[in-house]
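This is coords_12.txt (compact mmCIF, C-alpha atoms and all ligand atoms).
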# COMPACT_ATOMS: atom_id res chain seq x y z
CA MET A 1 5.83 11.82 30.86
CA SER A 2 5.69 10.28 27.39
CA CYS A 3 2.61 8.24 26.44
CA PHE A 4 4.97 5.40 25.45
CA GLU A 5 5.45 4.73 29.17
CA HIS A 6 1.92 3.26 29.24
CA PHE A 7 3.13 0.47 26.98
CA ALA A 8 6.07 -0.73 29.08
CA GLU A 9 4.81 -4.35 28.99
CA ILE A 10 4.98 -4.59 25.22
CA LEU A 11 7.49 -1.94 24.19
CA ARG A 12 11.24 -2.25 23.68
CA THR A 13 13.66 0.49 22.73
CA ASN A 14 16.60 0.25 20.38
CA ALA A 15 15.34 -3.14 19.18
CA PRO A 16 17.31 -4.94 16.42
CA LEU A 17 15.32 -5.30 13.20
CA ALA A 18 17.82 -7.24 11.08
CA PRO A 19 16.85 -10.67 12.50
CA LEU A 20 13.22 -9.93 11.62
CA THR A 21 13.91 -9.37 7.91
CA TRP A 22 14.87 -11.76 5.10
CA TYR A 23 17.79 -9.53 4.28
CA GLN A 24 19.01 -9.67 7.89
CA LEU A 25 20.42 -6.21 7.36
CA GLY A 26 20.03 -2.81 8.93
CA GLY A 27 19.97 -1.17 12.33
CA PRO A 28 17.50 -1.08 15.21
CA ALA A 29 14.09 0.51 15.71
CA ARG A 30 13.89 3.31 18.25
CA TYR A 31 10.71 1.64 19.56
CA TYR A 32 9.41 -1.86 18.86
CA ALA A 33 6.14 -3.39 20.07
CA GLU A 34 3.93 -6.42 19.67
CA PRO A 35 0.47 -5.28 20.80
CA ARG A 36 -1.85 -7.95 22.20
CA ASP A 37 -5.09 -6.84 20.61
CA GLU A 38 -6.65 -4.27 18.32
CA SER A 39 -7.44 -1.72 21.00
CA GLU A 40 -3.87 -1.82 22.31
CA LEU A 41 -2.64 -1.36 18.73
CA ALA A 42 -4.99 1.58 18.20
CA ALA A 43 -3.83 3.21 21.46
CA LEU A 44 -0.19 2.70 20.54
CA LEU A 45 -0.61 4.26 17.10
CA ARG A 46 -2.50 7.17 18.67
CA CYS A 47 0.40 7.68 21.09
CA ALA A 48 2.89 7.63 18.21
CA ARG A 49 0.83 10.12 16.22
CA ASP A 50 0.37 12.46 19.18
CA SER A 51 4.11 12.32 19.89
CA GLY A 52 5.09 12.97 16.28
CA VAL A 53 6.79 9.55 16.08
CA ALA A 54 6.72 7.82 12.68
CA TRP A 55 5.46 4.22 12.72
CA ARG A 56 5.53 1.20 10.45
CA ILE A 57 3.99 -2.25 10.56
CA LEU A 58 6.46 -5.09 10.06
CA GLY A 59 5.22 -8.29 8.43
CA ARG A 60 7.64 -11.10 7.57
CA GLY A 61 10.22 -8.51 6.46
CA ALA A 62 10.34 -10.18 3.06
CA ASN A 63 10.02 -7.06 0.93
CA LEU A 64 11.99 -4.76 3.16
CA LEU A 65 15.41 -3.17 3.45
CA VAL A 66 16.20 -1.46 6.75
CA ARG A 67 18.97 1.14 6.52
CA ASP A 68 22.15 0.62 8.57
CA GLU A 69 21.13 3.57 10.80
CA GLY A 70 17.90 1.75 11.68
CA PHE A 71 14.42 3.23 11.87
CA ASP A 72 13.95 6.32 14.04
CA GLY A 73 10.36 5.56 14.99
CA LEU A 74 8.01 2.83 16.15
CA VAL A 75 7.92 -0.60 14.50
CA VAL A 76 4.92 -2.79 15.28
CA ARG A 77 4.52 -6.48 14.60
CA LEU A 78 1.03 -8.02 14.55
CA CYS A 79 1.51 -11.51 15.92
CA GLY A 80 -0.35 -13.67 18.40
CA PRO A 81 -3.85 -15.11 18.35
CA CYS A 82 -5.77 -11.85 17.94
CA PHE A 83 -4.00 -10.95 14.70
CA GLU A 84 -3.57 -14.41 13.19
CA GLU A 85 -7.11 -15.78 13.37
CA VAL A 86 -8.70 -17.41 10.37
CA GLU A 87 -12.34 -18.35 9.89
CA TYR A 88 -13.80 -20.16 6.90
CA ASP A 89 -17.40 -19.68 5.81
CA GLY A 90 -18.20 -21.36 2.49
CA GLN A 91 -16.07 -19.68 -0.15
CA ARG A 92 -15.18 -16.82 2.16
CA VAL A 93 -12.21 -16.56 4.49
CA GLN A 94 -11.92 -13.99 7.24
CA VAL A 95 -8.25 -13.73 8.11
CA GLY A 96 -6.11 -11.62 10.43
CA ALA A 97 -3.35 -9.40 9.04
CA GLY A 98 -0.63 -11.24 10.97
CA ARG A 99 -1.40 -14.67 9.50
CA ASP A 100 1.41 -16.20 7.46
CA PHE A 101 0.33 -16.03 3.83
CA THR A 102 1.94 -19.29 2.68
CA ARG A 103 0.18 -21.06 5.54
CA LEU A 104 -3.13 -19.54 4.43
CA VAL A 105 -2.59 -20.63 0.81
CA ARG A 106 -1.85 -24.20 1.88
CA GLU A 107 -4.68 -24.53 4.38
CA SER A 108 -7.25 -23.06 1.99
CA LEU A 109 -6.22 -25.60 -0.68
CA ASP A 110 -6.51 -28.40 1.90
CA LEU A 111 -10.09 -27.24 2.52
CA GLY A 112 -10.93 -27.40 -1.21
CA LEU A 113 -10.82 -23.63 -1.70
CA THR A 114 -8.87 -22.57 -4.76
CA GLY A 115 -7.49 -19.39 -6.27
CA LEU A 116 -4.58 -18.49 -4.00
CA GLU A 117 -2.37 -21.15 -5.63
CA ALA A 118 -1.72 -18.45 -8.28
CA LEU A 119 0.29 -16.65 -5.60
CA ALA A 120 2.44 -19.65 -4.66
CA GLY A 121 5.84 -18.90 -3.21
CA ILE A 122 5.23 -15.29 -2.19
CA PRO A 123 6.38 -14.86 1.41
CA GLY A 124 4.70 -12.44 3.79
CA THR A 125 1.90 -11.88 6.24
CA VAL A 126 -1.61 -11.43 4.90
CA GLY A 127 -1.41 -7.73 5.83
CA GLY A 128 1.88 -7.26 4.00
CA ILE A 129 0.67 -9.11 0.93
CA ILE A 130 -2.44 -6.92 0.73
CA ARG A 131 -0.60 -3.68 1.56
CA MET A 132 1.61 -4.04 -1.52
CA ASN A 133 -0.90 -5.92 -3.67
CA ALA A 134 1.63 -8.72 -4.00
CA GLY A 135 1.47 -11.01 -6.96
CA GLY A 136 3.32 -12.41 -9.89
CA ARG A 137 2.80 -13.63 -13.41
CA TYR A 138 -0.40 -15.54 -12.54
CA GLY A 139 -2.30 -13.07 -10.43
CA GLU A 140 -2.35 -10.66 -7.53
CA ILE A 141 -4.08 -10.59 -4.15
CA ALA A 142 -6.44 -7.77 -5.26
CA SER A 143 -8.54 -10.35 -7.15
CA PHE A 144 -9.50 -12.07 -3.88
CA VAL A 145 -10.07 -9.23 -1.42
CA GLU A 146 -13.73 -8.37 -0.76
CA ARG A 147 -13.49 -6.33 2.39
CA MET A 148 -10.97 -5.18 4.94
CA SER A 149 -10.85 -3.91 8.46
CA LEU A 150 -8.20 -1.37 9.33
CA ILE A 151 -7.19 1.51 11.51
CA ASP A 152 -7.23 4.48 9.18
CA ALA A 153 -4.86 7.43 9.10
CA GLN A 154 -7.11 9.28 11.59
CA GLY A 155 -6.84 6.36 14.03
CA GLU A 156 -10.43 5.16 13.48
CA LEU A 157 -11.34 1.49 13.24
CA VAL A 158 -13.09 1.19 9.87
CA GLU A 159 -14.23 -1.34 7.27
CA ARG A 160 -13.50 -0.80 3.58
CA ASP A 161 -14.58 -2.73 0.54
CA ALA A 162 -12.14 -3.54 -2.25
CA ALA A 163 -12.98 -0.36 -4.19
CA GLY A 164 -11.79 1.75 -1.24
CA ILE A 165 -8.37 0.11 -1.17
CA GLY A 166 -7.16 1.55 -4.48
CA PHE A 167 -5.46 -1.58 -5.74
CA SER A 168 -3.10 -1.16 -8.69
CA TYR A 169 0.14 -2.87 -9.74
CA ARG A 170 2.03 -3.55 -6.46
CA HIS A 171 0.25 -0.62 -4.86
CA THR A 172 -2.66 0.28 -2.60
CA CYS A 173 -3.90 3.56 -1.15
CA LEU A 174 -3.33 2.37 2.42
CA ASP A 175 -0.55 4.74 3.47
CA GLY A 176 -0.92 5.65 7.11
CA CYS A 177 -3.36 2.77 7.70
CA ALA A 178 -2.83 -0.40 9.73
CA ILE A 179 -4.54 -3.41 8.17
CA LEU A 180 -6.23 -5.59 10.79
CA GLY A 181 -7.79 -8.28 8.67
CA ALA A 182 -9.49 -9.07 5.40
CA ARG A 183 -12.31 -11.10 3.95
CA LEU A 184 -11.23 -13.02 0.87
CA LEU A 185 -13.48 -14.69 -1.66
CA LEU A 186 -12.09 -17.94 -3.06
CA GLN A 187 -13.55 -20.62 -5.34
CA GLN A 188 -14.86 -23.97 -4.26
CA ALA A 189 -13.48 -26.65 -6.55
CA ASP A 190 -11.62 -29.93 -6.70
CA ALA A 191 -8.32 -28.86 -5.23
CA THR A 192 -6.25 -31.65 -6.83
CA HIS A 193 -5.60 -29.58 -9.91
CA ALA A 194 -5.03 -26.41 -7.88
CA LYS A 195 -2.48 -28.18 -5.67
CA ALA A 196 -0.59 -29.41 -8.73
CA ARG A 197 -0.65 -25.86 -10.10
CA TYR A 198 0.66 -24.58 -6.74
CA ARG A 199 3.68 -26.92 -6.99
CA GLU A 200 4.22 -26.01 -10.64
CA ILE A 201 4.21 -22.24 -10.00
CA TRP A 202 6.48 -22.70 -6.96
CA ASN A 203 8.95 -24.75 -9.03
CA GLU A 204 8.89 -22.31 -11.92
CA LYS A 205 9.55 -19.41 -9.59
CA TYR A 206 12.47 -21.00 -7.89
CA SER A 207 14.08 -22.27 -11.07
CA ASN A 208 14.19 -18.63 -12.31
CA GLN A 209 14.93 -16.88 -9.01
CA PRO A 210 17.42 -17.14 -6.13
CA PRO A 211 16.36 -19.79 -3.57
CA VAL A 212 14.10 -18.87 -0.65
CA SER A 213 17.06 -19.45 1.65
CA ALA A 214 19.02 -16.62 -0.04
CA ARG A 215 19.03 -13.23 1.68
CA THR A 216 16.99 -11.09 -0.74
CA CYS A 217 13.87 -8.91 -0.64
CA GLY A 218 12.25 -10.43 -3.73
CA CYS A 219 12.25 -8.16 -6.74
CA ILE A 220 13.97 -4.83 -6.12
CA PHE A 221 12.15 -2.83 -8.81
CA LYS A 222 8.64 -2.80 -10.23
CA ASN A 223 8.37 -3.75 -13.88
CA PRO A 224 7.95 -0.63 -16.03
CA PRO A 225 4.68 -0.84 -18.02
CA GLY A 226 5.08 -3.41 -20.79
CA HIS A 227 8.65 -4.21 -19.79
CA SER A 228 10.71 -6.26 -17.39
CA ALA A 229 13.06 -4.68 -14.86
CA GLY A 230 15.03 -7.97 -14.79
CA VAL A 231 15.60 -7.88 -18.56
CA LEU A 232 16.64 -4.20 -18.47
CA ILE A 233 19.20 -4.74 -15.67
CA ASP A 234 20.40 -7.94 -17.34
CA ARG A 235 20.89 -6.12 -20.68
CA ALA A 236 22.78 -3.38 -18.85
CA GLY A 237 25.36 -6.10 -18.12
CA LEU A 238 24.93 -6.00 -14.35
CA LYS A 239 24.33 -9.66 -13.50
CA GLY A 240 26.92 -10.70 -10.91
CA HIS A 241 27.91 -7.06 -10.28
CA ARG A 242 28.97 -6.54 -6.67
CA VAL A 243 29.21 -3.68 -4.20
CA GLY A 244 30.73 -4.80 -0.88
CA GLY A 245 28.73 -7.84 0.24
CA ALA A 246 25.75 -7.27 -2.09
CA VAL A 247 25.52 -8.88 -5.53
CA ILE A 248 23.07 -8.62 -8.41
CA SER A 249 21.85 -12.17 -8.80
CA ALA A 250 23.32 -14.07 -11.73
CA LYS A 251 20.03 -15.97 -11.92
CA HIS A 252 17.60 -13.04 -12.06
CA ALA A 253 18.86 -9.49 -12.40
CA ASN A 254 15.97 -7.92 -10.45
CA PHE A 255 17.22 -9.57 -7.24
CA ILE A 256 20.07 -8.31 -5.07
CA VAL A 257 21.51 -10.99 -2.82
CA ALA A 258 23.17 -10.10 0.49
CA GLU A 259 26.22 -12.15 1.40
CA ALA A 260 27.80 -12.67 4.82
CA ASP A 261 29.55 -9.30 5.06
CA ALA A 262 26.84 -7.16 3.41
CA ARG A 263 25.57 -3.87 4.79
CA ALA A 264 22.32 -2.20 3.81
CA ARG A 265 24.48 0.56 2.27
CA ASP A 266 25.89 -1.96 -0.25
CA VAL A 267 22.38 -2.89 -1.40
CA LEU A 268 21.39 0.78 -1.67
CA ASP A 269 24.53 1.54 -3.72
CA LEU A 270 23.73 -1.33 -6.10
CA ILE A 271 20.15 -0.09 -6.42
CA ALA A 272 21.41 3.39 -7.36
CA LEU A 273 23.86 1.91 -9.85
CA ALA A 274 21.23 -0.30 -11.54
CA LYS A 275 18.81 2.63 -11.74
CA ASP A 276 21.48 4.88 -13.28
CA ARG A 277 22.71 2.36 -15.83
CA VAL A 278 19.20 1.42 -16.98
CA TRP A 279 18.21 5.09 -17.22
CA ASN A 280 21.32 5.99 -19.22
CA GLN A 281 21.07 3.02 -21.55
CA THR A 282 17.31 2.77 -22.11
CA GLY A 283 15.55 5.84 -20.74
CA PHE A 284 13.43 3.69 -18.37
CA GLU A 285 13.21 5.12 -14.86
CA LEU A 286 12.99 2.09 -12.56
CA GLN A 287 10.76 2.47 -9.49
CA LEU A 288 11.47 0.62 -6.25
CA GLU A 289 9.24 -2.27 -5.31
CA VAL A 290 11.13 -2.95 -2.07
CA GLU A 291 10.28 -0.80 0.95
CA VAL A 292 13.24 1.04 2.42
CA TRP A 293 13.02 2.14 6.06
N1 LIG A 301 14.63 -12.22 -17.56
C1 LIG A 301 15.86 -12.02 -18.11
N2 LIG A 301 16.91 -11.75 -17.30
C2 LIG A 301 16.78 -11.66 -15.96
C3 LIG A 301 15.50 -11.84 -15.39
C4 LIG A 301 14.43 -12.13 -16.21
O1 LIG A 301 16.03 -12.08 -19.33
O2 LIG A 301 17.77 -11.42 -15.29
C5 LIG A 301 13.49 -12.53 -18.43
C6 LIG A 301 12.89 -13.89 -18.14
O3 LIG A 301 13.58 -14.89 -18.85
C7 LIG A 301 11.46 -13.71 -18.59
C8 LIG A 301 11.19 -12.23 -18.31
O4 LIG A 301 12.46 -11.62 -18.13
O5 LIG A 301 11.37 -13.92 -19.98
C9 LIG A 301 10.33 -12.00 -17.09
O6 LIG A 301 10.98 -12.61 -15.96
P1 LIG A 301 10.13 -13.37 -14.82
O7 LIG A 301 9.25 -14.38 -15.41
O8 LIG A 301 11.10 -13.79 -13.78
O9 LIG A 301 9.16 -12.28 -14.28
P2 LIG A 301 9.43 -10.85 -13.66
O10 LIG A 301 8.54 -9.91 -14.36
O11 LIG A 301 10.89 -10.51 -13.60
C10 LIG A 301 7.53 -11.03 -11.91
C11 LIG A 301 7.38 -10.50 -10.50
C12 LIG A 301 7.99 -11.51 -9.53
C13 LIG A 301 7.32 -12.86 -9.70
C14 LIG A 301 7.53 -13.31 -11.15
C15 LIG A 301 6.89 -14.67 -11.47
C16 LIG A 301 7.57 -8.07 -10.52
C17 LIG A 301 8.47 -6.91 -10.31
N3 LIG A 301 8.12 -9.27 -10.37
O12 LIG A 301 8.93 -11.06 -12.18
O13 LIG A 301 7.68 -11.03 -8.24
O14 LIG A 301 7.88 -13.80 -8.82
O15 LIG A 301 6.95 -12.32 -12.02
O16 LIG A 301 5.53 -14.64 -11.22
O17 LIG A 301 6.39 -7.87 -10.80
C18 LIG A 301 8.39 -9.81 -6.35
O18 LIG A 301 7.36 -9.14 -6.52
O19 LIG A 301 9.17 -9.60 -5.41
C19 LIG A 301 8.69 -10.85 -7.31
C20 LIG A 301 9.79 -11.54 -7.25
Would you write out, as structure tokens, the structure that this file holds?
Ligand code: EPU
Amino acid sequence: MSCFEHFAEILRTNAPLAPLTWYQLGGPARYYAEPRDESELAALLRCARDSGVAWRILGRGANLLVRDEGFDGLVVRLCGPCFEEVEYDGQRVQVGAGRDFTRLVRESLDLGLTGLEALAGIPGTVGGIIRMNAGGRYGEIASFVERMSLIDAQGELVERDAAGIGFSYRHTCLDGCAILGARLLLQQADATHAKARYREIWNEKYSNQPPVSARTCGCIFKNPPGHSAGVLIDRAGLKGHRVGGAVISAKHANFIVAEADARARDVLDLIALAKDRVWNQTGFELQLEVEVW
């Protein structure tokens, strides 16, 4: 008997992932589960590890491309009250990994806590935003994280302070860990200015990038040190270039937009093409920012 049988109430097999991602592309997960609390999550991950089954945590699916074959492992989504709790204490916020990040930004501003407006317009769950140290021109989440709780790669429930997270540009050392929640330190200030800044950053972002309604995964590549992936792909003449139903955005060349008939394969082919062209023309080796499952 497989240990997965103990999770019949929360586990589905061959579960479609496309509807759970912004790209709306890709095949199913062999197993999919929404655990109800931390101990159930820990038990599930232990079962996966003991069975040699790979696992991933799915946030809002905003920075993710699932291959057409799907994911041959366990996909877990942290939703429901246990994973979405938020508690304010002065300038500190204790927040669950499953909380919607945009919601957190807005509610913290409403409470007169500022700082997160610098990350306006970045979609994701708190866990996903921290996992990839999401950010943009005006800041990154690393600046606000004081402490985190997580299930580490050995399956232990542990606390880590910011130094133990290994934040760098769009990167953390949290491979094999499941983030449960984080304590953020914000500033207490008159939020009027911060709210105006929030709207400004949001507007700037969406005048330079495809609209939120477009099927994308945000930026495809990381910026090489001191350079811009968008500029390099643009200069390679690839804006508007299409493979099947996937197109390099004419607005911002570091975005690939999926159209009605796109497959994940089309996006992957465009990624390979952009990487090749930029390498051949400039010698920059672009690194993926998007996660591919
Ligand atoms: N540019 C071009 N052609 C293009 C795209 C950009 O010439 O096709 C130029 C722009 O005109 C600008 C420069 O390149 O002068 C930089 O572009 P932008 O301001 O859009 O910033 P970026 O470096 O391309 C970064 C983040 C974005 C974030 C924006 C704004 C990365 C990989 N990207 O983009 O984050 O929204 O700054 O804060 O760090 C994401 O992480 O998914 C993402 C979209």
Legend entry - Test item: residues lying within 8 Å of ligand LIG 301 (chain A) with all atoms listed in the file, as number ranges by chain: A: 63, 119, 121-122, 134-138, 170, 201, 204-205, 208-209, 217-223, 227-235, 239, 249-255, 289-290
Expected file contents, prior selection, C-alpha atoms, as an mmCIF file, in the frame of the given file:
data_model
loop_
_atom_site.group_PDB
_atom_site.id
_atom_site.type_symbol
_atom_site.label_atom_id
_atom_site.label_comp_id
_atom_site.auth_asym_id
_atom_site.auth_seq_id
_atom_site.Cartn_x
_atom_site.Cartn_y
_atom_site.Cartn_z
ATOM 1 C CA ASN A 63 10.020 -7.060 0.930
ATOM 2 C CA LEU A 119 0.290 -16.650 -5.600
ATOM 3 C CA GLY A 121 5.840 -18.900 -3.210
ATOM 4 C CA ILE A 122 5.230 -15.290 -2.190
ATOM 5 C CA ALA A 134 1.630 -8.720 -4.000
ATOM 6 C CA GLY A 135 1.470 -11.010 -6.960
ATOM 7 C CA GLY A 136 3.320 -12.410 -9.890
ATOM 8 C CA ARG A 137 2.800 -13.630 -13.410
ATOM 9 C CA TYR A 138 -0.400 -15.540 -12.540
ATOM 10 C CA ARG A 170 2.030 -3.550 -6.460
ATOM 11 C CA ILE A 201 4.210 -22.240 -10.000
ATOM 12 C CA GLU A 204 8.890 -22.310 -11.920
ATOM 13 C CA LYS A 205 9.550 -19.410 -9.590
ATOM 14 C CA ASN A 208 14.190 -18.630 -12.310
ATOM 15 C CA GLN A 209 14.930 -16.880 -9.010
ATOM 16 C CA CYS A 217 13.870 -8.910 -0.640
ATOM 17 C CA GLY A 218 12.250 -10.430 -3.730
ATOM 18 C CA CYS A 219 12.250 -8.160 -6.740
ATOM 19 C CA ILE A 220 13.970 -4.830 -6.120
ATOM 20 C CA PHE A 221 12.150 -2.830 -8.810
ATOM 21 C CA LYS A 222 8.640 -2.800 -10.230
ATOM 22 C CA ASN A 223 8.370 -3.750 -13.880
ATOM 23 C CA HIS A 227 8.650 -4.210 -19.790
ATOM 24 C CA SER A 228 10.710 -6.260 -17.390
ATOM 25 C CA ALA A 229 13.060 -4.680 -14.860
ATOM 26 C CA GLY A 230 15.030 -7.970 -14.790
ATOM 27 C CA VAL A 231 15.600 -7.880 -18.560
ATOM 28 C CA LEU A 232 16.640 -4.200 -18.470
ATOM 29 C CA ILE A 233 19.200 -4.740 -15.670
ATOM 30 C CA ASP A 234 20.400 -7.940 -17.340
ATOM 31 C CA ARG A 235 20.890 -6.120 -20.680
ATOM 32 C CA LYS A 239 24.330 -9.660 -13.500
ATOM 33 C CA SER A 249 21.850 -12.170 -8.800
ATOM 34 C CA ALA A 250 23.320 -14.070 -11.730
ATOM 35 C CA LYS A 251 20.030 -15.970 -11.920
ATOM 36 C CA HIS A 252 17.600 -13.040 -12.060
ATOM 37 C CA ALA A 253 18.860 -9.490 -12.400
ATOM 38 C CA ASN A 254 15.970 -7.920 -10.450
ATOM 39 C CA PHE A 255 17.220 -9.570 -7.240
ATOM 40 C CA GLU A 289 9.240 -2.270 -5.310
ATOM 41 C CA VAL A 290 11.130 -2.950 -2.070
#
All residues 10 Å or closer to Leu180 of chain A, all atoms listed in the file, same chain fewer than 5 positions away omitted, as a short mmCIF file (atom, residue, chain, number, x, y, z; two decimals) with C-alpha atoms, in the coordinates of the input:
data_model
loop_
_atom_site.label_atom_id
_atom_site.label_comp_id
_atom_site.auth_asym_id
_atom_site.auth_seq_id
_atom_site.Cartn_x
_atom_site.Cartn_y
_atom_site.Cartn_z
CA ASP A 37 -5.09 -6.84 20.61
CA GLU A 38 -6.65 -4.27 18.32
CA LEU A 41 -2.64 -1.36 18.73
CA LEU A 78 1.03 -8.02 14.55
CA CYS A 82 -5.77 -11.85 17.94
CA PHE A 83 -4.00 -10.95 14.70
CA GLU A 84 -3.57 -14.41 13.19
CA VAL A 95 -8.25 -13.73 8.11
CA GLY A 96 -6.11 -11.62 10.43
CA ALA A 97 -3.35 -9.40 9.04
CA GLY A 98 -0.63 -11.24 10.97
CA VAL A 126 -1.61 -11.43 4.90
CA GLY A 127 -1.41 -7.73 5.83
CA MET A 148 -10.97 -5.18 4.94
CA SER A 149 -10.85 -3.91 8.46
CA LEU A 150 -8.20 -1.37 9.33
CA ILE A 151 -7.19 1.51 11.51
CA LEU A 157 -11.34 1.49 13.24
CA VAL A 158 -13.09 1.19 9.87
CA GLU A 159 -14.23 -1.34 7.27
#
Legend entry - From A:Ala54, A:Leu17, A:Val66, A:Ala264, residue lying nearest Glu291 of chain A [all atoms listed in the file]: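 Closest to Glu291 of chain A of all the choices is A:Val66.
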Inset, instruction - Excluding Ile130 of chain A and residues on its chain fewer than 2 positions from it, collect all residues at most 9 Å away from it, counting all atoms listed in the file, and give them as a PyMOL selection string. - result: chain A and resi 97+125-128+132-134+141-142+145+167+171-172+179+182
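Atom CA of Tyr198 of chain A is positioned 9.7 Å from atom CA of Gly115 of chain A.
Distance-wise, atom CA of Gln287 of chain A and atom CA of Asp266 of chain A end up 18.3 Å apart.
Within 10 Å of the point (-9.5, -24.8, 5.8), counting only C-alpha atoms, the protein and nucleic acid residues come to Val86, Glu87, Tyr88, Asp89, Gly90, Val93, Leu104, Val105, Arg106, Glu107, Ser108, Leu109, Asp110, Leu111, Gly112 and Leu113 of chain A.
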Inset, instruction - Could you give me, as a list in words, the residues within 9 Å of Cys173 of chain A, counting only C-alpha atoms and dropping anything in the same chain fewer than 6 positions from it? - result: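 Neighbouring residues, sequence-local ones excluded: Arg131, Gly164, Ile165, Gly166 and Phe167 of chain A.
Across the model, the gap from atom CA of Leu238 of chain A to atom CA of Pro225 of chain A is 21.2 Å.
Nearest residue to Ile57 of chain A among A:Ser207, A:Ala214, A:Trp293, A:Phe7 is A:Trp293, counting all atoms listed in the file.
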Legend entry - Nearest to Gln154 of chain A, chosen from A:Ala8, A:Leu45, A:Thr13, A:Trp55, with all atoms listed in the file counted in the distances: A:Leu45
Inset, instruction - Give the answer as one residue: which of A:Ala43, A:Ala120, A:Ile129, A:Cys3 has the shortest atom-to-atom distance to Gly59 of chain A, using all atoms listed in the file? - result: A:Ile129
Legend entry - Minimum-distance residue to Leu184 of chain A, chosen among A:Phe144, A:Tyr32, A:Phe71, A:Phe101 (using only C-alpha atoms):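 Nearest candidate to Leu184 of chain A out of A:Phe144, A:Tyr32, A:Phe71, A:Phe101: A:Phe144.
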Legend entry - A:Glu85, A:Phe284, A:Ala29, A:Ala274 ranked by distance to Asp68 of chain A, top pick (using all atoms listed in the file): A:Ala29
Is there a way to complete segment 73-85 of chain A with N, CA, C and O atoms and then write that out as a short mmCIF file (atom, residue, chain, number, x, y, z; two decimals), keeping the file's coordinate frame?
data_model
loop_
_atom_site.label_atom_id
_atom_site.label_comp_id
_atom_site.auth_asym_id
_atom_site.auth_seq_id
_atom_site.Cartn_x
_atom_site.Cartn_y
_atom_site.Cartn_z
N GLY A 73 11.79 5.48 14.75
CA GLY A 73 10.36 5.56 14.99
C GLY A 73 9.91 4.28 15.67
O GLY A 73 10.71 3.57 16.29
N LEU A 74 8.62 4.00 15.52
CA LEU A 74 8.01 2.83 16.15
C LEU A 74 7.75 1.75 15.10
O LEU A 74 7.13 2.03 14.07
N VAL A 75 8.21 0.54 15.37
CA VAL A 75 7.92 -0.60 14.50
C VAL A 75 7.01 -1.56 15.27
O VAL A 75 7.28 -1.90 16.42
N VAL A 76 5.92 -1.96 14.61
CA VAL A 76 4.92 -2.79 15.28
C VAL A 76 4.77 -4.10 14.52
O VAL A 76 4.71 -4.11 13.29
N ARG A 77 4.75 -5.19 15.26
CA ARG A 77 4.52 -6.48 14.60
C ARG A 77 3.20 -7.07 15.12
O ARG A 77 2.97 -7.11 16.33
N LEU A 78 2.35 -7.50 14.18
CA LEU A 78 1.03 -8.02 14.55
C LEU A 78 1.11 -9.54 14.61
O LEU A 78 0.91 -10.22 13.61
N CYS A 79 1.44 -10.05 15.78
CA CYS A 79 1.51 -11.51 15.92
C CYS A 79 0.69 -11.91 17.14
O CYS A 79 0.25 -11.06 17.91
N GLY A 80 0.48 -13.20 17.29
CA GLY A 80 -0.35 -13.67 18.40
C GLY A 80 -1.76 -13.90 17.92
O GLY A 80 -2.15 -13.44 16.85
N PRO A 81 -2.53 -14.61 18.76
CA PRO A 81 -3.85 -15.11 18.35
C PRO A 81 -4.78 -14.04 17.77
O PRO A 81 -5.43 -14.26 16.76
N CYS A 82 -4.81 -12.87 18.37
CA CYS A 82 -5.77 -11.85 17.94
C CYS A 82 -5.56 -11.44 16.48
O CYS A 82 -6.51 -11.15 15.77
N PHE A 83 -4.30 -11.44 16.05
CA PHE A 83 -4.00 -10.95 14.70
C PHE A 83 -3.81 -12.06 13.68
O PHE A 83 -3.57 -11.79 12.51
N GLU A 84 -3.87 -13.32 14.12
CA GLU A 84 -3.57 -14.41 13.19
C GLU A 84 -4.76 -15.34 12.97
O GLU A 84 -4.63 -16.40 12.37
N GLU A 85 -5.92 -14.93 13.47
CA GLU A 85 -7.11 -15.78 13.37
C GLU A 85 -7.55 -15.99 11.93
O GLU A 85 -7.42 -15.10 11.09
#
